[in-house]
$ cat upload-v7.csv   # CSV, C-alpha atoms and all ligand atoms
chain,number,residue,atom,x,y,z
A,1,MET,CA,30.8,-191.4,-132.6
A,2,LYS,CA,34.0,-189.3,-133.3
A,3,ARG,CA,34.5,-186.3,-131.1
A,4,ILE,CA,34.8,-182.9,-132.9
A,5,PHE,CA,35.9,-179.6,-131.4
A,6,ILE,CA,34.7,-176.4,-133.1
A,7,THR,CA,36.8,-173.6,-131.8
A,8,ARG,CA,34.3,-170.7,-132.3
A,9,PRO,CA,30.5,-170.3,-132.6
A,10,LEU,CA,29.5,-171.0,-136.2
A,11,PRO,CA,26.1,-170.5,-138.0
A,12,ALA,CA,23.4,-172.9,-136.6
A,13,PRO,CA,23.0,-174.9,-139.9
A,14,VAL,CA,26.8,-175.8,-139.7
A,15,ILE,CA,26.5,-177.1,-136.1
A,16,ALA,CA,23.4,-179.0,-137.0
A,17,GLU,CA,25.2,-180.7,-140.0
A,18,ALA,CA,28.2,-181.5,-137.8
A,19,GLU,CA,25.9,-183.0,-135.1
A,20,LYS,CA,24.5,-185.4,-137.7
A,21,HIS,CA,27.8,-187.1,-138.0
A,22,PHE,CA,29.8,-186.4,-134.8
A,23,ARG,CA,29.7,-185.7,-131.1
A,24,VAL,CA,30.3,-182.0,-131.3
A,25,GLU,CA,31.6,-179.5,-128.8
A,26,VAL,CA,31.5,-175.9,-129.7
A,27,ARG,CA,33.6,-173.4,-127.8
A,28,GLU,CA,31.5,-170.3,-127.1
A,29,LYS,CA,34.4,-167.8,-127.0
A,30,THR,CA,35.2,-165.7,-130.1
A,31,THR,CA,38.9,-165.3,-129.3
A,32,PRO,CA,41.7,-167.6,-130.6
A,33,LEU,CA,42.5,-170.7,-128.5
A,34,THR,CA,45.2,-170.4,-125.9
A,35,ARG,CA,48.2,-172.7,-126.1
A,36,THR,CA,46.8,-174.8,-123.2
A,37,GLU,CA,43.5,-175.1,-125.1
A,38,ARG,CA,45.2,-176.1,-128.3
A,39,ARG,CA,47.3,-178.8,-126.6
A,40,ALA,CA,44.3,-180.1,-124.7
A,41,ALA,CA,42.2,-180.2,-127.9
A,42,MET,CA,44.8,-182.3,-129.6
A,43,ALA,CA,44.5,-184.9,-126.8
A,44,LEU,CA,40.7,-184.8,-126.3
A,45,TYR,CA,39.2,-184.8,-129.8
A,46,ASP,CA,39.4,-186.9,-133.0
A,47,GLY,CA,39.0,-183.8,-135.2
A,48,ILE,CA,39.3,-180.0,-134.7
A,49,VAL,CA,37.8,-177.2,-136.7
A,50,PRO,CA,40.3,-174.4,-136.0
A,51,THR,CA,40.3,-171.0,-137.6
A,52,LEU,CA,42.3,-167.7,-137.9
A,53,GLY,CA,44.5,-167.2,-134.9
A,54,ASP,CA,44.4,-170.8,-133.7
A,55,ASN,CA,48.1,-171.3,-133.9
A,56,PHE,CA,48.7,-175.1,-134.5
A,57,ASN,CA,52.5,-174.7,-134.8
A,58,GLU,CA,55.3,-177.2,-134.2
A,59,GLN,CA,55.2,-176.6,-130.4
A,60,VAL,CA,51.6,-177.5,-130.2
A,61,LEU,CA,51.7,-180.4,-132.6
A,62,GLN,CA,54.9,-182.1,-131.3
A,63,GLY,CA,54.8,-184.9,-128.8
A,64,GLY,CA,52.3,-187.1,-130.5
A,65,PRO,CA,50.7,-189.3,-131.4
A,66,HIS,CA,47.7,-187.2,-130.6
A,67,ARG,CA,44.1,-188.3,-130.6
A,68,CYS,CA,43.3,-185.6,-133.1
A,69,LYS,CA,44.0,-186.7,-136.7
A,70,ILE,CA,42.5,-183.9,-138.7
A,71,LEU,CA,42.5,-180.1,-138.5
A,72,ALA,CA,39.7,-179.0,-140.8
A,73,ASN,CA,40.4,-175.3,-141.0
A,74,PHE,CA,37.5,-172.9,-141.3
A,75,GLY,CA,38.8,-170.5,-143.9
A,76,VAL,CA,41.1,-170.7,-146.9
A,77,GLY,CA,44.2,-169.2,-145.3
A,78,TYR,CA,45.9,-171.7,-143.0
A,79,ASN,CA,49.2,-169.8,-142.3
A,80,HIS,CA,48.4,-170.3,-138.6
A,81,ILE,CA,48.8,-174.1,-139.0
A,82,ASP,CA,52.2,-175.8,-139.6
A,83,ALA,CA,50.8,-178.1,-142.3
A,84,ASP,CA,54.1,-179.7,-143.2
A,85,PHE,CA,54.9,-180.6,-139.6
A,86,ALA,CA,51.3,-181.8,-139.2
A,87,ALA,CA,51.7,-184.1,-142.2
A,88,GLU,CA,55.0,-185.5,-140.8
A,89,ASN,CA,53.1,-186.4,-137.7
A,90,GLY,CA,50.1,-188.0,-139.4
A,91,ILE,CA,47.7,-185.1,-139.0
A,92,CYS,CA,45.7,-184.1,-142.0
A,93,VAL,CA,44.9,-180.4,-142.7
A,94,THR,CA,42.1,-179.2,-144.9
A,95,ASN,CA,40.7,-175.7,-145.7
A,96,THR,CA,37.6,-174.2,-147.4
A,97,PRO,CA,38.5,-172.7,-150.7
A,98,GLY,CA,35.8,-171.9,-153.3
A,99,ALA,CA,33.1,-171.1,-150.7
A,100,LEU,CA,34.7,-167.7,-150.1
A,101,THR,CA,36.2,-166.6,-153.4
A,102,ASP,CA,33.5,-164.2,-154.5
A,103,ALA,CA,33.0,-162.6,-151.1
A,104,THR,CA,36.7,-161.9,-150.7
A,105,ALA,CA,37.0,-160.5,-154.3
A,106,ASP,CA,34.0,-158.3,-153.5
A,107,ILE,CA,35.7,-156.8,-150.5
A,108,ALA,CA,38.8,-156.1,-152.7
A,109,LEU,CA,36.7,-154.1,-155.1
A,110,MET,CA,35.0,-152.4,-152.2
A,111,LEU,CA,38.3,-151.3,-150.8
A,112,MET,CA,39.6,-150.2,-154.2
A,113,LEU,CA,36.6,-147.9,-154.6
A,114,MET,CA,36.7,-146.8,-150.9
A,115,THR,CA,40.3,-145.8,-151.0
A,116,CYS,CA,40.4,-144.4,-154.5
A,117,ARG,CA,37.2,-142.4,-154.0
A,118,ARG,CA,37.9,-141.4,-150.4
A,119,ALA,CA,34.6,-143.0,-149.1
A,120,ALA,CA,35.6,-143.5,-145.5
A,121,GLU,CA,37.0,-140.0,-145.2
A,122,GLY,CA,33.8,-138.6,-146.7
A,123,GLU,CA,31.7,-140.6,-144.4
A,124,ARG,CA,33.7,-139.3,-141.4
A,125,MET,CA,33.2,-135.8,-142.7
A,126,VAL,CA,29.4,-136.2,-142.9
A,127,ARG,CA,29.1,-137.8,-139.5
A,128,SER,CA,31.2,-135.1,-137.9
A,129,GLY,CA,29.0,-132.3,-139.2
A,130,GLN,CA,31.9,-130.9,-141.2
A,131,TRP,CA,30.4,-131.2,-144.6
A,132,GLU,CA,29.8,-127.7,-146.1
A,133,GLY,CA,28.0,-128.9,-149.2
A,134,TRP,CA,29.0,-130.0,-152.7
A,135,HIS,CA,31.4,-128.0,-154.8
A,136,PRO,CA,33.4,-128.9,-157.9
A,137,THR,CA,36.8,-129.3,-156.3
A,138,GLN,CA,35.8,-131.0,-153.0
A,139,MET,CA,37.3,-134.4,-152.0
A,140,LEU,CA,38.6,-135.3,-155.4
A,141,GLY,CA,39.7,-138.9,-155.5
A,142,LEU,CA,41.2,-141.2,-158.1
A,143,HIS,CA,38.8,-142.2,-160.9
A,144,LEU,CA,39.0,-146.0,-161.0
A,145,SER,CA,37.3,-147.0,-164.3
A,146,GLY,CA,39.8,-147.7,-167.0
A,147,LYS,CA,42.8,-147.6,-164.8
A,148,ARG,CA,45.6,-150.2,-164.5
A,149,LEU,CA,45.2,-152.8,-161.9
A,150,GLY,CA,48.1,-155.0,-160.6
A,151,ILE,CA,47.2,-158.2,-158.8
A,152,VAL,CA,49.8,-160.0,-156.7
A,153,GLY,CA,48.8,-163.7,-156.5
A,154,MET,CA,46.6,-164.9,-159.3
A,155,GLY,CA,44.8,-167.8,-157.5
A,156,ARG,CA,41.1,-168.2,-157.3
A,157,ILE,CA,40.6,-164.9,-155.4
A,158,GLY,CA,43.0,-163.0,-157.7
A,159,GLN,CA,41.2,-164.2,-160.8
A,160,ALA,CA,37.8,-163.2,-159.3
A,161,ILE,CA,39.2,-159.7,-158.6
A,162,ALA,CA,40.5,-159.5,-162.2
A,163,LYS,CA,37.1,-160.5,-163.6
A,164,ARG,CA,35.3,-157.8,-161.6
A,165,ALA,CA,37.9,-155.1,-162.4
A,166,HIS,CA,38.1,-155.9,-166.1
A,167,PHE,CA,34.5,-156.6,-167.0
A,168,GLY,CA,32.9,-154.3,-164.4
A,169,PHE,CA,35.3,-151.3,-164.4
A,170,GLY,CA,37.1,-151.7,-167.8
A,171,MET,CA,40.4,-151.9,-166.0
A,172,GLU,CA,43.6,-153.2,-167.7
A,173,VAL,CA,44.9,-156.0,-165.6
A,174,ALA,CA,48.4,-157.2,-165.1
A,175,TYR,CA,49.6,-159.7,-162.4
A,176,PHE,CA,52.5,-161.3,-160.7
A,177,ASN,CA,52.3,-165.0,-159.7
A,178,ARG,CA,55.2,-167.3,-158.5
A,179,SER,CA,54.5,-169.8,-161.3
A,180,PRO,CA,53.3,-169.2,-164.8
A,181,LYS,CA,49.6,-169.0,-164.8
A,182,LYS,CA,47.1,-168.9,-167.7
A,183,VAL,CA,43.8,-167.2,-166.8
A,184,ASP,CA,40.5,-166.8,-168.6
A,185,VAL,CA,40.4,-163.0,-168.1
A,186,PRO,CA,42.3,-160.6,-170.3
A,187,ALA,CA,45.4,-160.0,-168.2
A,188,THR,CA,49.1,-159.9,-168.6
A,189,GLN,CA,51.5,-161.9,-166.4
A,190,LEU,CA,54.7,-159.9,-165.5
A,191,LYS,CA,57.9,-161.6,-164.4
A,192,SER,CA,58.8,-159.0,-161.8
A,193,LEU,CA,56.8,-157.8,-158.8
A,194,LYS,CA,58.7,-154.5,-158.9
A,195,THR,CA,57.8,-153.9,-162.5
A,196,LEU,CA,54.1,-154.6,-161.7
A,197,ALA,CA,54.2,-152.3,-158.7
A,198,ALA,CA,55.8,-149.5,-160.7
A,199,ASN,CA,53.3,-149.6,-163.5
A,200,VAL,CA,49.8,-149.7,-162.0
A,201,ASP,CA,47.3,-147.3,-160.4
A,202,VAL,CA,46.1,-149.9,-157.9
A,203,LEU,CA,48.0,-152.8,-156.5
A,204,VAL,CA,46.0,-155.6,-154.9
A,205,ILE,CA,47.5,-158.3,-152.7
A,206,SER,CA,45.8,-161.8,-152.9
A,207,VAL,CA,48.6,-164.2,-152.1
A,208,PRO,CA,48.4,-166.7,-149.2
A,209,GLY,CA,50.1,-165.7,-146.0
A,210,GLY,CA,53.0,-167.5,-144.4
A,211,THR,CA,56.8,-167.4,-144.3
A,212,ASN,CA,57.1,-167.4,-148.2
A,213,THR,CA,55.2,-164.2,-148.5
A,214,LYS,CA,56.1,-162.3,-145.3
A,215,HIS,CA,56.8,-158.6,-146.1
A,216,LEU,CA,56.6,-159.4,-149.9
A,217,ILE,CA,55.4,-155.8,-150.1
A,218,ASP,CA,58.2,-153.9,-148.4
A,219,ALA,CA,59.8,-150.4,-148.5
A,220,ASP,CA,61.5,-151.2,-151.9
A,221,ILE,CA,58.2,-152.2,-153.6
A,222,LEU,CA,56.3,-149.2,-152.1
A,223,ALA,CA,59.1,-146.9,-153.3
A,224,VAL,CA,58.6,-147.8,-156.9
A,225,MET,CA,54.8,-147.3,-156.8
A,226,LYS,CA,53.4,-144.2,-158.4
A,227,SER,CA,52.6,-141.4,-156.0
A,228,HIS,CA,48.9,-141.5,-156.9
A,229,ALA,CA,48.7,-145.3,-156.7
A,230,HIS,CA,46.7,-147.2,-154.0
A,231,LEU,CA,47.6,-150.5,-152.3
A,232,VAL,CA,44.8,-152.9,-151.3
A,233,ASN,CA,45.4,-155.9,-149.0
A,234,ILE,CA,42.7,-158.5,-148.5
A,235,ALA,CA,45.1,-161.4,-147.9
A,236,ARG,CA,47.1,-161.5,-144.7
A,237,GLY,CA,48.5,-158.5,-142.8
A,238,ASP,CA,52.1,-159.6,-142.7
A,239,VAL,CA,52.4,-159.8,-146.5
A,240,VAL,CA,52.8,-156.1,-146.2
A,241,ASP,CA,55.5,-154.5,-144.0
A,242,GLU,CA,53.1,-152.4,-142.0
A,243,ASN,CA,55.8,-149.9,-140.8
A,244,ALA,CA,57.0,-149.3,-144.3
A,245,LEU,CA,53.4,-148.8,-145.4
A,246,ILE,CA,52.8,-146.3,-142.7
A,247,THR,CA,55.8,-144.3,-143.8
A,248,ALA,CA,54.7,-144.4,-147.4
A,249,LEU,CA,51.3,-143.1,-146.5
A,250,GLN,CA,52.6,-140.4,-144.2
A,251,THR,CA,55.1,-139.1,-146.7
A,252,GLY,CA,52.7,-139.2,-149.7
A,253,GLN,CA,54.9,-141.7,-151.4
A,254,ILE,CA,51.7,-143.5,-152.4
A,255,GLY,CA,48.2,-142.1,-152.8
A,256,GLY,CA,46.4,-144.3,-150.3
A,257,ALA,CA,45.7,-147.8,-149.0
A,258,GLY,CA,42.7,-150.0,-148.3
A,259,LEU,CA,43.3,-152.7,-145.7
A,260,ASP,CA,41.1,-155.6,-144.5
A,261,VAL,CA,44.0,-157.3,-142.7
A,262,TYR,CA,46.8,-156.3,-140.3
A,263,GLU,CA,50.1,-157.7,-139.1
A,264,ASN,CA,49.0,-158.2,-135.5
A,265,GLU,CA,45.2,-158.4,-135.6
A,266,PRO,CA,43.2,-157.1,-133.8
A,267,ASP,CA,45.9,-154.4,-133.1
A,268,VAL,CA,45.9,-151.6,-135.6
A,269,PRO,CA,48.8,-149.3,-135.2
A,270,ALA,CA,47.9,-145.8,-133.9
A,271,ALA,CA,49.8,-144.3,-136.8
A,272,LEU,CA,47.4,-145.9,-139.2
A,273,LEU,CA,44.3,-144.7,-137.3
A,274,LYS,CA,45.6,-141.1,-137.6
A,275,LEU,CA,45.8,-141.2,-141.4
A,276,ASN,CA,43.1,-140.1,-143.7
A,277,ASN,CA,44.5,-141.8,-146.7
A,278,VAL,CA,43.9,-145.3,-145.5
A,279,THR,CA,40.7,-147.2,-145.3
A,280,LEU,CA,40.6,-149.7,-142.4
A,281,LEU,CA,38.2,-152.6,-142.3
A,282,PRO,CA,38.0,-155.3,-139.6
A,283,HIS,CA,38.8,-158.4,-141.7
A,284,LEU,CA,35.4,-158.5,-143.4
A,285,GLY,CA,36.6,-160.6,-146.4
A,286,THR,CA,34.1,-163.5,-145.8
A,287,ALA,CA,31.7,-161.8,-143.4
A,288,ALA,CA,28.3,-162.7,-144.8
A,289,LEU,CA,26.1,-165.3,-143.2
A,290,GLU,CA,25.7,-167.4,-146.4
A,291,VAL,CA,29.4,-167.4,-147.0
A,292,ARG,CA,30.3,-168.3,-143.4
A,293,THR,CA,27.7,-171.1,-143.6
A,294,ALA,CA,29.1,-172.4,-146.8
A,295,MET,CA,32.6,-172.3,-145.3
A,296,GLY,CA,31.4,-174.3,-142.3
A,297,MET,CA,29.6,-176.8,-144.4
A,298,LEU,CA,32.8,-177.4,-146.3
A,299,ALA,CA,34.8,-177.9,-143.2
A,300,VAL,CA,32.2,-180.4,-141.9
A,301,GLU,CA,32.3,-182.2,-145.3
A,302,ASN,CA,36.1,-182.5,-145.1
A,303,LEU,CA,35.7,-184.1,-141.6
A,304,ARG,CA,32.9,-186.4,-142.8
A,305,ALA,CA,34.9,-187.6,-145.8
A,306,PHE,CA,38.0,-188.1,-143.6
A,307,PHE,CA,36.3,-190.3,-141.1
A,308,GLU,CA,34.3,-192.2,-143.7
A,309,GLY,CA,37.6,-193.0,-145.5
A,310,GLU,CA,36.6,-191.1,-148.7
A,311,GLY,CA,38.9,-188.8,-150.7
A,312,LEU,CA,39.2,-185.4,-149.0
A,313,PRO,CA,37.6,-182.5,-150.9
A,314,ASN,CA,40.2,-179.9,-149.8
A,315,PRO,CA,43.5,-181.4,-148.5
A,316,VAL,CA,46.4,-178.9,-148.1
A,317,ASN,CA,49.1,-181.3,-146.8
B,1,LIG,C1,39.9,-165.6,-144.1
B,1,LIG,O1,40.6,-164.7,-144.0
B,1,LIG,C2,40.3,-166.9,-144.7
B,1,LIG,O2,41.5,-167.2,-144.9
B,1,LIG,O3,39.4,-167.7,-145.1
$ encode --input "upload-v7.csv" --output "structure tokens" --more "lines below"
Ligand code: GLV
Amino acid sequence: MKRIFITRPLPAPVIAEAEKHFRVEVREKTTPLTRTERRAAMALYDGIVPTLGDNFNEQVLQGGPHRCKILANFGVGYNHIDADFAAENGICVTNTPGALTDATADIALMLMLMTCRRAAEGERMVRSGQWEGWHPTQMLGLHLSGKRLGIVGMGRIGQAIAKRAHFGFGMEVAYFNRSPKKVDVPATQLKSLKTLAANVDVLVISVPGGTNTKHLIDADILAVMKSHAHLVNIARGDVVDENALITALQTGQIGGAGLDVYENEPDVPAALLKLNNVTLLPHLGTAALEVRTAMGMLAVENLRAFFEGEGLPNPVN
């Protein structure tokens, strides 16, 4: 039986499914693998199920051939894995798209509402005993229905966000995508990210992370946004220049932000914690038991298909 290493505890049905096919070792810690653990895992196991923070970069993957021939990532984003270098060294990389599209789009809508309607600030007010009762001009936020939404990255998750925003909230949707993309939601593709940023009330980021998108949202993009507009990031923290965002929020250059991801997770800059016009979630995008189970099942299915010589459901390299 092939030996598989699962780098975090996963829902029980996933482990049970993996154990039907493989000799499985589950690491009980919830933190990312250390470099020593990553190197050891490459030598000890036939396949690994890594996830967010398990940095399988060139330094870890070099010096093969390794025993490990497949990194079946748990999650859709695989910016922590050097997939090109892995391919050059005969290591297959897969991910788990589809299983998490709706859950992640839901979190985007939640953050849009939370930041526009000041939900977290209001909750803090109630909990702190500061609420003096309803009055007509208290805690006025931005009305979301019917506003213009800009989506950066119109992949599966971007389209699921567009659907919810258009059909659920009557929003007018425009988007920026590297390549031309036809979608089945009424939405307009714009050629320039700057034009998109300048013309929307809410800008949502749903591009993959990695070197191509690092600081795609920088001071220049934030500078053209409307002063009442909100930025929402459910993708990867480093797509947004966090320091530039802090300045834009501090100076009122933009209305607010909703963040599920950060540049150096789990560190959240103290300057962000101090601000009332930012909603901060702890990377909850896929955090629902059935979603995490479906993601795990897909990772196991990729491993099974690989070792049984079938076509891979979700190859990325
Ligand atoms: C979670 O962030 C994922 O990439 O699946």
$ residues_around --input "upload-v7.csv" --residues "range 282-297 of chain A" --least-positions-apart "2" --cutoff "6 Å" --atoms "all atoms listed in the file" --output "PyMOL selection string"
chain A and resi 11+14+96+99+103-104+107+260-261+299-300
$ residues_near_ligand --input "upload-v7.csv" --ligand "ligand LIG 1 (chain B)" --cutoff "8 Å" --atoms "only C-alpha atoms and all ligand atoms" --output "count of residues only"
15
$ closest_residue --input "upload-v7.csv" --among "A:Ala160, A:Ala72, A:Ala229, A:Val49" --to "Asn314 in chain A" --atoms "only C-alpha atoms"
A:Ala72
$ closest_residue --input "upload-v7.csv" --among "A:His80, A:Ile205, A:Arg156, A:Pro65" --to "Asp184 in chain A" --atoms "all atoms listed in the file"
A:Arg156
$ atom_distance --input "upload-v7.csv" --atom1 "CA of Ala165 in chain A" --atom2 "CA of Met114 in chain A"
14.2 Å
$ closest_residue --input "upload-v7.csv" --among "A:Gly311, A:Gly258, A:Gly155, A:Pro50" --to "Leu109 in chain A" --atoms "all atoms listed in the file"
A:Gly258
$ closest_residue --input "upload-v7.csv" --among "A:Arg117, A:Met112, A:Ser206, A:Gln130" --to "Ile151 in chain A" --atoms "all atoms listed in the file"
A:Ser206
$ atom_distance --input "upload-v7.csv" --atom1 "CA of Phe22 in chain A" --atom2 "CA of Tyr45 in chain A"
10.8 Å
$ residues_around --input "upload-v7.csv" --residues "Asn79 in chain A" --least-positions-apart "4" --cutoff "9 Å" --atoms "all atoms listed in the file" --output "number ranges by chain"
A: 52, 55, 83, 208-211, 236
$ residues_near_point --input "upload-v7.csv" --point "(56.3, -162.4, -163.3)" --cutoff "10 Å" --atoms "all atoms listed in the file" --output "PyMOL selection string"
chain A and resi 152+174-181+188-196
$ residues_near_point --input "upload-v7.csv" --point "(37.4, -178.1, -136.0)" --cutoff "7 Å" --atoms "all atoms listed in the file" --output "short mmCIF file (atom, residue, chain, number, x, y, z; two decimals) with C-alpha atoms, keeping the file's coordinate frame"
data_model
loop_
_atom_site.label_atom_id
_atom_site.label_comp_id
_atom_site.auth_asym_id
_atom_site.auth_seq_id
_atom_site.Cartn_x
_atom_site.Cartn_y
_atom_site.Cartn_z
CA ILE A 4 34.80 -182.90 -132.90
CA PHE A 5 35.90 -179.60 -131.40
CA ILE A 6 34.70 -176.40 -133.10
CA THR A 7 36.80 -173.60 -131.80
CA GLY A 47 39.00 -183.80 -135.20
CA ILE A 48 39.30 -180.00 -134.70
CA VAL A 49 37.80 -177.20 -136.70
CA PRO A 50 40.30 -174.40 -136.00
CA LEU A 71 42.50 -180.10 -138.50
CA ALA A 72 39.70 -179.00 -140.80
CA ASN A 73 40.40 -175.30 -141.00
#
$ closest_residue --input "upload-v7.csv" --among "A:Met1, A:Val183, A:Leu259, A:Val93" --to "Val232 in chain A" --atoms "all atoms listed in the file"
A:Leu259
$ residues_around --input "upload-v7.csv" --residues "range 221-225 of chain A" --least-positions-apart "6" --cutoff "7 Å" --atoms "all atoms listed in the file" --output "list in words"
Lys194, Ala197, Ala198, Ala248, Gln253 and Ile254 of chain A
$ atom_distance --input "upload-v7.csv" --atom1 "CA of Gln62 in chain A" --atom2 "CA of Asn89 in chain A"
7.9 Å
$ residues_around --input "upload-v7.csv" --residues "Tyr262 in chain A" --least-positions-apart "4" --cutoff "8 Å" --atoms "only C-alpha atoms" --output "PyMOL selection string"
chain A and resi 236-238+242+266-268
